[in-house]
Structures are given as C-alpha cells and as structure tokens.
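Everything on this sheet refers to the single structure shown next.
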Amino acid sequence: MMDFEAAEKAIGYSFHDRKHLIRAFTHKSYSNENPKAGRDSYERYEFLGDAILEYLCSKELFERYPKKTEGELTKMRASLVCEYTLSQITRELGFGQFLSLSHGEELTGGRNRSSILCDLFESVLGAVYLDGGMPPAESYVNRLLMKDIESRSVFYDAKSRLQEYTQAREIRLTYRLLDATGPEHNRTYHVACMLGNRQAGEGYGASKKMAEQIAAHETLKNLPPDRPRK
C-alpha cells in the first residue's frame, strides 16, 4: 500500500482525489500482471504531462530569457526535459519507492531505471494538473525543474563543450566503455570520460551515446573554467 502522505510530501502537492496519485505511480507491467486490481497504468497521464511540461518549460524560458534566440531556447528546453534531467530529479525525491511494478520489472531494477523515473515526472505532472488545474502544475514544474537552469542547460551539448575545452588546453579526451549490463533489448551502458589518463566523470545510459553525454556533463560540472585539470 502506498504511503500517500510520503508521496505527497515528495511531490509537494496534496491531492483532492488520490486516485490520480495512485494511477500516476502505476506502471503498465503492474496493470498487466494484476488485471483484477482494476488499476490503469500511468501512460495516459504521462502523455498529458509531457505536453504540459513542454508548454510550461517553454513559457518560463521565454519570459526569463528575453534576449535568447529561438535556437538557444530550444537547446535549453531540450536539456531540461530530457530523460537524464527528469530522472535525476525524481531519483533524488525518491519517486521510485512509490511505484507499483510487476514482479519481473522489480527483479530487473525497474524501480531505479532512468526511463521509468523520467516517465514518473511527467505522469505526476499530469495527475497534478487533472486534480488541481494549471496553477499547481506550474508550481510543480517551476519548483522542481526550473532552478539551476544554467547548469542543467549545458547537458544538451555537453560533449561538444567538453571537446572545445580540452582542445583549447591540449588535453586528450576519450570515452571508455566500462560495462554493459542487462538483456539485449534493455541494455545499460557504463562509460567513463577520460582526460588524459585520469577518469574525470562517468555516466550510465540506455545507449553508449547517452552514457557518454552524461559522463561529459558530469565532467563539465567538476571542471574550473579558468585552468585545465591534468
């Protein structure tokens, strides 16, 4: 049974109808495995939340950065609404502990899978909107996502930014595949970002490209802008 008060505290919103809260945390594997429970999955809520998120993120960036071009705003939005950013937020808030999964998904680590945790950010947003309308939905997005925007917006082109940084300082930049786990259709790649012979960051992703992007972003966050680290 879900701890409703703990879930609402993590979300930062108290539901009038907790059926929305339950559905927002019901994975399709649970619905398929427990048809008698009569619980629909969060997929439709995720669909709605995705559209609301794009609108609210676009609106906030448009108002906050009046001098940025359409292309710059698009890159910023892409970094903010990507799987990496959204899953980081929900992982930190512990959304995974409230998730209803099938036995199989539980065994394969679904509760901590980035793709599912990203879905939860959007499904919860959809649930908040359906329960309380746009004001609490906007509050949810602004409070959890629209802070530290400058740091988060680096993610979209982290690899190219890091390449520019290392080339200017004549540092050798490479990416090393450390591990690949899981079945062929659902692999998780573990990649290290190497500056010279030093491991400067690491990332996990559903593809090597995503894992490299995350590793580059983690590296950028730890590098001072004024001098190279060898």
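Letters A, B, ... go to the chains of the structure tokens in the order shown; residues in each chain start at 1; ligands are counted from 1 in the same order.
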Set the distance at 10 Å and use only C-alpha atoms: which residues neighbour Pro136 (chain A) once local chain neighbours fewer than 4 positions away are removed? I'd like the list as a short mmCIF file (atom, residue, chain, number, x, y, z; two decimals) with N, CA, C and O atoms, in the first residue's frame.
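Generated output (out07.cif):
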```cif
data_model
loop_
_atom_site.label_atom_id
_atom_site.label_comp_id
_atom_site.auth_asym_id
_atom_site.auth_seq_id
_atom_site.Cartn_x
_atom_site.Cartn_y
_atom_site.Cartn_z
N GLY A 12 5.20 17.54 -3.27
CA GLY A 12 4.94 18.92 -2.87
C GLY A 12 3.54 19.37 -3.17
O GLY A 12 3.28 20.57 -3.39
N TYR A 13 2.60 18.41 -3.19
CA TYR A 13 1.21 18.73 -3.52
C TYR A 13 0.30 17.71 -2.83
O TYR A 13 0.58 16.51 -2.84
N SER A 14 -0.80 18.19 -2.24
CA SER A 14 -1.78 17.32 -1.59
C SER A 14 -2.97 17.12 -2.53
O SER A 14 -3.60 18.11 -2.94
N LEU A 125 3.03 15.03 -13.08
CA LEU A 125 2.60 16.34 -13.56
C LEU A 125 1.19 16.27 -14.14
O LEU A 125 0.34 17.13 -13.86
N VAL A 128 -1.25 15.94 -11.22
CA VAL A 128 -1.41 17.20 -10.51
C VAL A 128 -2.34 18.13 -11.29
O VAL A 128 -3.23 18.78 -10.72
N TYR A 129 -2.14 18.18 -12.60
CA TYR A 129 -2.99 19.03 -13.45
C TYR A 129 -4.45 18.58 -13.40
O TYR A 129 -5.36 19.40 -13.24
N ASP A 131 -5.95 16.95 -11.11
CA ASP A 131 -6.51 17.10 -9.76
C ASP A 131 -6.71 18.56 -9.37
O ASP A 131 -7.69 18.89 -8.70
N GLY A 132 -5.80 19.43 -9.78
CA GLY A 132 -5.86 20.81 -9.29
C GLY A 132 -5.80 21.90 -10.33
O GLY A 132 -5.89 23.08 -9.99
N TYR A 140 4.66 22.93 -9.57
CA TYR A 140 5.43 21.68 -9.55
C TYR A 140 6.63 21.77 -10.49
O TYR A 140 7.76 21.44 -10.11
N VAL A 141 6.40 22.23 -11.70
CA VAL A 141 7.47 22.33 -12.69
C VAL A 141 8.51 23.38 -12.29
O VAL A 141 9.72 23.11 -12.33
N ASN A 142 8.05 24.55 -11.90
CA ASN A 142 8.99 25.62 -11.56
C ASN A 142 9.83 25.28 -10.33
O ASN A 142 11.02 25.57 -10.27
#
```
With only C-alpha atoms as the counted atoms, please give the residues lying no more than 9 Å from Ala211 (chain A), apart from itself and same-chain residues fewer than 6 positions off, as a PyMOL selection string.
chain A and resi 188-192+202-205
Please identify which residues in region 81-172 of chain A DSSP calls helix (DSSP H, G or I) from the backbone, and express them as a ChimeraX atom specification.
/A:83-93,95-98,103-107,110-112,114-132,134-144,149-152,155-168
Top pick for closest residue to Leu130 (chain A), considering A:Arg44, A:Ala216, A:Phe25, A:Met1 and counting only C-alpha atoms
A:Arg44
Can you pull out the residues contacting Asn32 (chain A)? Cut-off 9 Å, using only C-alpha atoms, and skip same-chain residues under 3 positions away; I want them as a ChimeraX atom specification.
/A:27-29,35,41,102
Selected residues written out with N, CA and C atoms, as a short mmCIF file (atom, residue, chain, number, x, y, z; two decimals), in the first residue's frame:
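And here's part15.cif as it stands now:
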```
data_model
loop_
_atom_site.label_atom_id
_atom_site.label_comp_id
_atom_site.auth_asym_id
_atom_site.auth_seq_id
_atom_site.Cartn_x
_atom_site.Cartn_y
_atom_site.Cartn_z
N HIS A 27 2.80 1.38 -13.00
CA HIS A 27 3.46 1.00 -14.25
C HIS A 27 2.59 0.01 -15.02
N LYS A 28 2.72 0.01 -16.34
CA LYS A 28 1.89 -0.87 -17.16
C LYS A 28 2.13 -2.35 -16.85
N SER A 29 3.34 -2.69 -16.39
CA SER A 29 3.63 -4.09 -16.06
C SER A 29 2.77 -4.55 -14.88
N PRO A 35 -4.66 -7.78 -13.41
CA PRO A 35 -5.86 -7.23 -14.06
C PRO A 35 -7.05 -7.09 -13.11
N SER A 41 -2.61 2.02 -15.99
CA SER A 41 -1.24 2.49 -15.86
C SER A 41 -1.16 4.00 -16.06
N SER A 102 5.41 -4.85 -11.81
CA SER A 102 5.27 -6.30 -11.83
C SER A 102 6.46 -6.92 -11.13
#
```
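If you measure from each of A:Lys159, A:Ser58, A:Ser207, A:Glu105 to Glu70 (chain A) using only C-alpha atoms, the closest one turns out to be A:Ser58.
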Identify, on the basis of only C-alpha atoms, every residue whose closest approach to region 137-139 of chain A does not exceed 12 Å; exclude the query and any residue fewer than 4 positions from it along the same chain; express the result as a ChimeraX atom specification.
/A:11-15,48-60,121-133,143-147
Can you pull out the residues contacting Arg111 (chain A)? Cut-off 9 Å, using only C-alpha atoms, and skip same-chain residues under 5 positions away; I want them as a PyMOL selection string.
chain A and resi 95-101+105-106+116-117
For all heavy atoms, I'd like the residues from the last selection saved as a PDB file, in the first residue's frame.
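Saved to selection_6.pdb:
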```pdb
ATOM      1  N   PHE A  95      10.912   9.024  -5.907  1.00  0.00           N
ATOM      2  CA  PHE A  95       9.659   8.628  -6.550  1.00  0.00           C
ATOM      3  C   PHE A  95       9.580   7.117  -6.760  1.00  0.00           C
ATOM      4  O   PHE A  95       8.501   6.526  -6.723  1.00  0.00           O
ATOM      5  CB  PHE A  95       9.515   9.329  -7.901  1.00  0.00           C
ATOM      6  CG  PHE A  95       8.937  10.725  -7.824  1.00  0.00           C
ATOM      7  CD1 PHE A  95       8.995  11.460  -6.649  1.00  0.00           C
ATOM      8  CD2 PHE A  95       8.333  11.306  -8.928  1.00  0.00           C
ATOM      9  CE1 PHE A  95       8.481  12.744  -6.573  1.00  0.00           C
ATOM     10  CE2 PHE A  95       7.803  12.587  -8.865  1.00  0.00           C
ATOM     11  CZ  PHE A  95       7.874  13.306  -7.690  1.00  0.00           C
ATOM     12  N   GLY A  96      10.725   6.481  -6.988  1.00  0.00           N
ATOM     13  CA  GLY A  96      10.730   5.056  -7.272  1.00  0.00           C
ATOM     14  C   GLY A  96      10.122   4.201  -6.176  1.00  0.00           C
ATOM     15  O   GLY A  96       9.545   3.142  -6.451  1.00  0.00           O
ATOM     16  N   GLN A  97      10.214   4.648  -4.930  1.00  0.00           N
ATOM     17  CA  GLN A  97       9.701   3.847  -3.822  1.00  0.00           C
ATOM     18  C   GLN A  97       8.178   3.746  -3.820  1.00  0.00           C
ATOM     19  O   GLN A  97       7.612   2.842  -3.206  1.00  0.00           O
ATOM     20  CB  GLN A  97      10.169   4.435  -2.488  1.00  0.00           C
ATOM     21  CG  GLN A  97       9.591   5.812  -2.184  1.00  0.00           C
ATOM     22  CD  GLN A  97      10.101   6.395  -0.897  1.00  0.00           C
ATOM     23  OE1 GLN A  97       9.974   5.778   0.170  1.00  0.00           O
ATOM     24  NE2 GLN A  97      10.703   7.574  -0.969  1.00  0.00           N
ATOM     25  N   PHE A  98       7.501   4.659  -4.526  1.00  0.00           N
ATOM     26  CA  PHE A  98       6.037   4.654  -4.555  1.00  0.00           C
ATOM     27  C   PHE A  98       5.474   3.917  -5.770  1.00  0.00           C
ATOM     28  O   PHE A  98       4.266   3.769  -5.906  1.00  0.00           O
ATOM     29  CB  PHE A  98       5.515   6.099  -4.565  1.00  0.00           C
ATOM     30  CG  PHE A  98       6.095   6.956  -3.484  1.00  0.00           C
ATOM     31  CD1 PHE A  98       6.888   8.049  -3.791  1.00  0.00           C
ATOM     32  CD2 PHE A  98       5.873   6.652  -2.150  1.00  0.00           C
ATOM     33  CE1 PHE A  98       7.441   8.838  -2.791  1.00  0.00           C
ATOM     34  CE2 PHE A  98       6.422   7.427  -1.128  1.00  0.00           C
ATOM     35  CZ  PHE A  98       7.204   8.522  -1.454  1.00  0.00           C
ATOM     36  N   LEU A  99       6.341   3.426  -6.622  1.00  0.00           N
ATOM     37  CA  LEU A  99       5.943   2.830  -7.894  1.00  0.00           C
ATOM     38  C   LEU A  99       5.418   1.409  -7.721  1.00  0.00           C
ATOM     39  O   LEU A  99       5.995   0.604  -7.000  1.00  0.00           O
ATOM     40  CB  LEU A  99       7.166   2.828  -8.824  1.00  0.00           C
ATOM     41  CG  LEU A  99       7.007   2.340 -10.246  1.00  0.00           C
ATOM     42  CD1 LEU A  99       6.018   3.199 -11.023  1.00  0.00           C
ATOM     43  CD2 LEU A  99       8.375   2.345 -10.940  1.00  0.00           C
ATOM     44  N   SER A 100       4.322   1.114  -8.411  1.00  0.00           N
ATOM     45  CA  SER A 100       3.771  -0.243  -8.452  1.00  0.00           C
ATOM     46  C   SER A 100       4.251  -0.915  -9.728  1.00  0.00           C
ATOM     47  O   SER A 100       3.949  -0.452 -10.833  1.00  0.00           O
ATOM     48  CB  SER A 100       2.247  -0.210  -8.422  1.00  0.00           C
ATOM     49  OG  SER A 100       1.770   0.278  -7.189  1.00  0.00           O
ATOM     50  N   LEU A 101       5.014  -1.999  -9.565  1.00  0.00           N
ATOM     51  CA  LEU A 101       5.622  -2.713 -10.681  1.00  0.00           C
ATOM     52  C   LEU A 101       5.226  -4.186 -10.669  1.00  0.00           C
ATOM     53  O   LEU A 101       4.804  -4.715  -9.633  1.00  0.00           O
ATOM     54  CB  LEU A 101       7.147  -2.640 -10.592  1.00  0.00           C
ATOM     55  CG  LEU A 101       7.842  -1.303 -10.802  1.00  0.00           C
ATOM     56  CD1 LEU A 101       9.289  -1.399 -10.333  1.00  0.00           C
ATOM     57  CD2 LEU A 101       7.789  -0.890 -12.257  1.00  0.00           C
ATOM     58  N   GLU A 105       9.593  -6.722 -13.455  1.00  0.00           N
ATOM     59  CA  GLU A 105      10.203  -5.397 -13.515  1.00  0.00           C
ATOM     60  C   GLU A 105      10.949  -5.076 -12.216  1.00  0.00           C
ATOM     61  O   GLU A 105      11.986  -4.426 -12.227  1.00  0.00           O
ATOM     62  CB  GLU A 105       9.144  -4.323 -13.769  1.00  0.00           C
ATOM     63  CG  GLU A 105       8.716  -4.189 -15.211  1.00  0.00           C
ATOM     64  CD  GLU A 105       9.793  -3.559 -16.084  1.00  0.00           C
ATOM     65  OE1 GLU A 105      10.736  -2.955 -15.540  1.00  0.00           O
ATOM     66  OE2 GLU A 105       9.691  -3.670 -17.314  1.00  0.00           O
ATOM     67  N   GLU A 106      10.404  -5.535 -11.125  1.00  0.00           N
ATOM     68  CA  GLU A 106      11.053  -5.326  -9.830  1.00  0.00           C
ATOM     69  C   GLU A 106      12.416  -6.005  -9.805  1.00  0.00           C
ATOM     70  O   GLU A 106      13.424  -5.418  -9.372  1.00  0.00           O
ATOM     71  CB  GLU A 106      10.171  -5.886  -8.711  1.00  0.00           C
ATOM     72  CG  GLU A 106      10.660  -5.610  -7.304  1.00  0.00           C
ATOM     73  CD  GLU A 106      10.407  -4.175  -6.861  1.00  0.00           C
ATOM     74  OE1 GLU A 106       9.237  -3.773  -6.758  1.00  0.00           O
ATOM     75  OE2 GLU A 106      11.409  -3.471  -6.620  1.00  0.00           O
ATOM     76  N   ILE A 116      12.007   4.973 -16.640  1.00  0.00           N
ATOM     77  CA  ILE A 116      10.773   4.928 -15.849  1.00  0.00           C
ATOM     78  C   ILE A 116      10.695   6.132 -14.915  1.00  0.00           C
ATOM     79  O   ILE A 116       9.626   6.743 -14.761  1.00  0.00           O
ATOM     80  CB  ILE A 116      10.689   3.611 -15.057  1.00  0.00           C
ATOM     81  CG1 ILE A 116      10.512   2.426 -16.022  1.00  0.00           C
ATOM     82  CG2 ILE A 116       9.541   3.642 -14.043  1.00  0.00           C
ATOM     83  CD1 ILE A 116      10.454   1.074 -15.342  1.00  0.00           C
ATOM     84  N   LEU A 117      11.804   6.492 -14.303  1.00  0.00           N
ATOM     85  CA  LEU A 117      11.809   7.640 -13.402  1.00  0.00           C
ATOM     86  C   LEU A 117      11.504   8.937 -14.160  1.00  0.00           C
ATOM     87  O   LEU A 117      10.852   9.842 -13.626  1.00  0.00           O
ATOM     88  CB  LEU A 117      13.156   7.749 -12.698  1.00  0.00           C
ATOM     89  CG  LEU A 117      13.444   6.652 -11.673  1.00  0.00           C
ATOM     90  CD1 LEU A 117      14.883   6.742 -11.173  1.00  0.00           C
ATOM     91  CD2 LEU A 117      12.481   6.731 -10.495  1.00  0.00           C
TER      92      LEU A 117
END
```
Check region 13-224 of chain A with DSSP on the backbone and list each residue it calls strand (DSSP E), as a list in words.
Leu173, Thr174, Tyr175, Arg176, Leu177, Leu178, Asp179, Ala180, Thr181, Thr188, Tyr189, His190, Val191, Ala192, Cys193, Met194, Leu195, Arg198, Gln199, Ala200, Gly201, Glu202, Gly203, Tyr204 and Gly205 of chain A
How would the residues just chosen look if you wrote them out with N, CA and C atoms as a tab-separated table (two decimals), in the first residue's frame?
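Once everything was written out, this is out.tsv:
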```tsv
chain	number	residue	atom	x	y	z
A	173	LEU	N	41.03	13.83	-24.81
A	173	LEU	CA	39.70	13.45	-24.35
A	173	LEU	C	39.27	12.14	-25.01
A	174	THR	N	38.93	11.16	-24.20
A	174	THR	CA	38.42	9.89	-24.72
A	174	THR	C	37.29	9.40	-23.83
A	175	TYR	N	36.51	8.47	-24.36
A	175	TYR	CA	35.44	7.83	-23.60
A	175	TYR	C	35.70	6.32	-23.58
A	176	ARG	N	35.59	5.74	-22.41
A	176	ARG	CA	35.91	4.33	-22.24
A	176	ARG	C	34.67	3.57	-21.75
A	177	LEU	N	34.28	2.55	-22.48
A	177	LEU	CA	33.15	1.71	-22.06
A	177	LEU	C	33.62	0.80	-20.93
A	178	LEU	N	33.01	0.96	-19.76
A	178	LEU	CA	33.40	0.18	-18.60
A	178	LEU	C	32.59	-1.10	-18.46
A	179	ASP	N	31.31	-1.02	-18.86
A	179	ASP	CA	30.44	-2.18	-18.66
A	179	ASP	C	29.16	-2.01	-19.48
A	180	ALA	N	28.53	-3.12	-19.79
A	180	ALA	CA	27.22	-3.12	-20.44
A	180	ALA	C	26.43	-4.27	-19.83
A	181	THR	N	25.33	-3.97	-19.19
A	181	THR	CA	24.56	-4.98	-18.47
A	181	THR	C	23.12	-5.02	-18.95
A	188	THR	N	22.08	-1.39	-20.31
A	188	THR	CA	22.55	-0.21	-19.61
A	188	THR	C	24.06	-0.13	-19.80
A	189	TYR	N	24.52	0.99	-20.34
A	189	TYR	CA	25.94	1.17	-20.62
A	189	TYR	C	26.57	2.08	-19.57
A	190	HIS	N	27.76	1.69	-19.15
A	190	HIS	CA	28.52	2.45	-18.15
A	190	HIS	C	29.79	2.95	-18.83
A	191	VAL	N	29.92	4.27	-18.94
A	191	VAL	CA	31.01	4.88	-19.68
A	191	VAL	C	31.78	5.84	-18.79
A	192	ALA	N	33.11	5.86	-18.95
A	192	ALA	CA	33.96	6.81	-18.24
A	192	ALA	C	34.47	7.85	-19.21
A	193	CYS	N	34.53	9.08	-18.76
A	193	CYS	CA	35.12	10.18	-19.52
A	193	CYS	C	36.56	10.35	-19.03
A	194	MET	N	37.52	10.22	-19.95
A	194	MET	CA	38.93	10.25	-19.59
A	194	MET	C	39.57	11.54	-20.09
A	195	LEU	N	40.23	12.27	-19.19
A	195	LEU	CA	41.05	13.42	-19.56
A	195	LEU	C	42.50	12.98	-19.37
A	198	ARG	N	43.35	10.24	-16.70
A	198	ARG	CA	42.53	10.39	-15.48
A	198	ARG	C	41.05	10.27	-15.80
A	199	GLN	N	40.34	9.47	-15.01
A	199	GLN	CA	38.88	9.39	-15.14
A	199	GLN	C	38.27	10.61	-14.48
A	200	ALA	N	37.58	11.43	-15.28
A	200	ALA	CA	37.06	12.70	-14.77
A	200	ALA	C	35.55	12.69	-14.57
A	201	GLY	N	34.87	11.70	-15.09
A	201	GLY	CA	33.42	11.61	-14.94
A	201	GLY	C	32.94	10.29	-15.47
A	202	GLU	N	31.74	9.91	-15.10
A	202	GLU	CA	31.16	8.67	-15.60
A	202	GLU	C	29.66	8.83	-15.78
A	203	GLY	N	29.10	7.96	-16.62
A	203	GLY	CA	27.67	8.05	-16.88
A	203	GLY	C	27.08	6.70	-17.23
A	204	TYR	N	25.80	6.56	-16.94
A	204	TYR	CA	25.05	5.36	-17.28
A	204	TYR	C	23.93	5.76	-18.24
A	205	GLY	N	23.68	4.95	-19.26
A	205	GLY	CA	22.62	5.27	-20.19
A	205	GLY	C	22.13	4.06	-20.95
```
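Excluding Glu164 (chain A) and any residue on its chain fewer than 4 positions from it, the residues at most 12 Å away by only C-alpha atoms are Asp157, Ala158, Lys159, Ser160, Ala168, Arg169, Glu170, Ile171, Arg172, Leu173, Ala216, Leu220, Pro225 and Pro228 of chain A.
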Using the selection just defined, write its residues with N, CA, C and O atoms as a PDB file, in the first residue's frame.
```
ATOM      1  N   ASP A 157      24.519  19.963 -25.146  1.00  0.00           N
ATOM      2  CA  ASP A 157      25.737  19.928 -25.958  1.00  0.00           C
ATOM      3  C   ASP A 157      26.983  19.736 -25.092  1.00  0.00           C
ATOM      4  O   ASP A 157      28.040  20.303 -25.340  1.00  0.00           O
ATOM      5  N   ALA A 158      26.852  18.897 -24.068  1.00  0.00           N
ATOM      6  CA  ALA A 158      27.961  18.679 -23.132  1.00  0.00           C
ATOM      7  C   ALA A 158      29.197  18.129 -23.829  1.00  0.00           C
ATOM      8  O   ALA A 158      30.320  18.555 -23.536  1.00  0.00           O
ATOM      9  N   LYS A 159      29.024  17.184 -24.737  1.00  0.00           N
ATOM     10  CA  LYS A 159      30.181  16.584 -25.395  1.00  0.00           C
ATOM     11  C   LYS A 159      30.941  17.598 -26.244  1.00  0.00           C
ATOM     12  O   LYS A 159      32.174  17.632 -26.220  1.00  0.00           O
ATOM     13  N   SER A 160      30.219  18.433 -26.977  1.00  0.00           N
ATOM     14  CA  SER A 160      30.891  19.419 -27.815  1.00  0.00           C
ATOM     15  C   SER A 160      31.560  20.496 -26.965  1.00  0.00           C
ATOM     16  O   SER A 160      32.662  20.961 -27.276  1.00  0.00           O
ATOM     17  N   ALA A 168      41.273  23.369 -26.485  1.00  0.00           N
ATOM     18  CA  ALA A 168      41.912  24.651 -26.188  1.00  0.00           C
ATOM     19  C   ALA A 168      43.071  24.487 -25.217  1.00  0.00           C
ATOM     20  O   ALA A 168      44.000  25.313 -25.198  1.00  0.00           O
ATOM     21  N   ARG A 169      43.050  23.433 -24.422  1.00  0.00           N
ATOM     22  CA  ARG A 169      44.078  23.215 -23.403  1.00  0.00           C
ATOM     23  C   ARG A 169      44.980  22.021 -23.743  1.00  0.00           C
ATOM     24  O   ARG A 169      45.784  21.600 -22.927  1.00  0.00           O
ATOM     25  N   GLU A 170      44.794  21.473 -24.956  1.00  0.00           N
ATOM     26  CA  GLU A 170      45.597  20.357 -25.434  1.00  0.00           C
ATOM     27  C   GLU A 170      45.556  19.169 -24.467  1.00  0.00           C
ATOM     28  O   GLU A 170      46.585  18.552 -24.146  1.00  0.00           O
ATOM     29  N   ILE A 171      44.352  18.853 -24.005  1.00  0.00           N
ATOM     30  CA  ILE A 171      44.120  17.687 -23.143  1.00  0.00           C
ATOM     31  C   ILE A 171      43.476  16.588 -23.990  1.00  0.00           C
ATOM     32  O   ILE A 171      42.540  16.845 -24.750  1.00  0.00           O
ATOM     33  N   ARG A 172      43.968  15.390 -23.877  1.00  0.00           N
ATOM     34  CA  ARG A 172      43.413  14.273 -24.642  1.00  0.00           C
ATOM     35  C   ARG A 172      42.100  13.821 -24.008  1.00  0.00           C
ATOM     36  O   ARG A 172      42.049  13.483 -22.828  1.00  0.00           O
ATOM     37  N   LEU A 173      41.032  13.831 -24.811  1.00  0.00           N
ATOM     38  CA  LEU A 173      39.700  13.450 -24.349  1.00  0.00           C
ATOM     39  C   LEU A 173      39.273  12.145 -25.012  1.00  0.00           C
ATOM     40  O   LEU A 173      39.264  12.035 -26.239  1.00  0.00           O
ATOM     41  N   ALA A 216      30.155  13.293 -19.953  1.00  0.00           N
ATOM     42  CA  ALA A 216      30.691  14.606 -20.315  1.00  0.00           C
ATOM     43  C   ALA A 216      30.091  15.701 -19.444  1.00  0.00           C
ATOM     44  O   ALA A 216      30.796  16.615 -18.992  1.00  0.00           O
ATOM     45  N   LEU A 220      32.077  18.236 -16.957  1.00  0.00           N
ATOM     46  CA  LEU A 220      31.992  19.694 -17.060  1.00  0.00           C
ATOM     47  C   LEU A 220      31.633  20.338 -15.724  1.00  0.00           C
ATOM     48  O   LEU A 220      32.145  21.409 -15.383  1.00  0.00           O
ATOM     49  N   PRO A 225      36.554  26.757 -14.920  1.00  0.00           N
ATOM     50  CA  PRO A 225      36.637  27.369 -16.232  1.00  0.00           C
ATOM     51  C   PRO A 225      37.935  28.102 -16.504  1.00  0.00           C
ATOM     52  O   PRO A 225      38.246  28.415 -17.638  1.00  0.00           O
ATOM     53  N   PRO A 228      43.032  24.317 -16.867  1.00  0.00           N
ATOM     54  CA  PRO A 228      42.825  22.890 -17.117  1.00  0.00           C
ATOM     55  C   PRO A 228      43.227  22.047 -15.914  1.00  0.00           C
ATOM     56  O   PRO A 228      44.077  22.438 -15.134  1.00  0.00           O
TER      57      PRO A 228
END
```
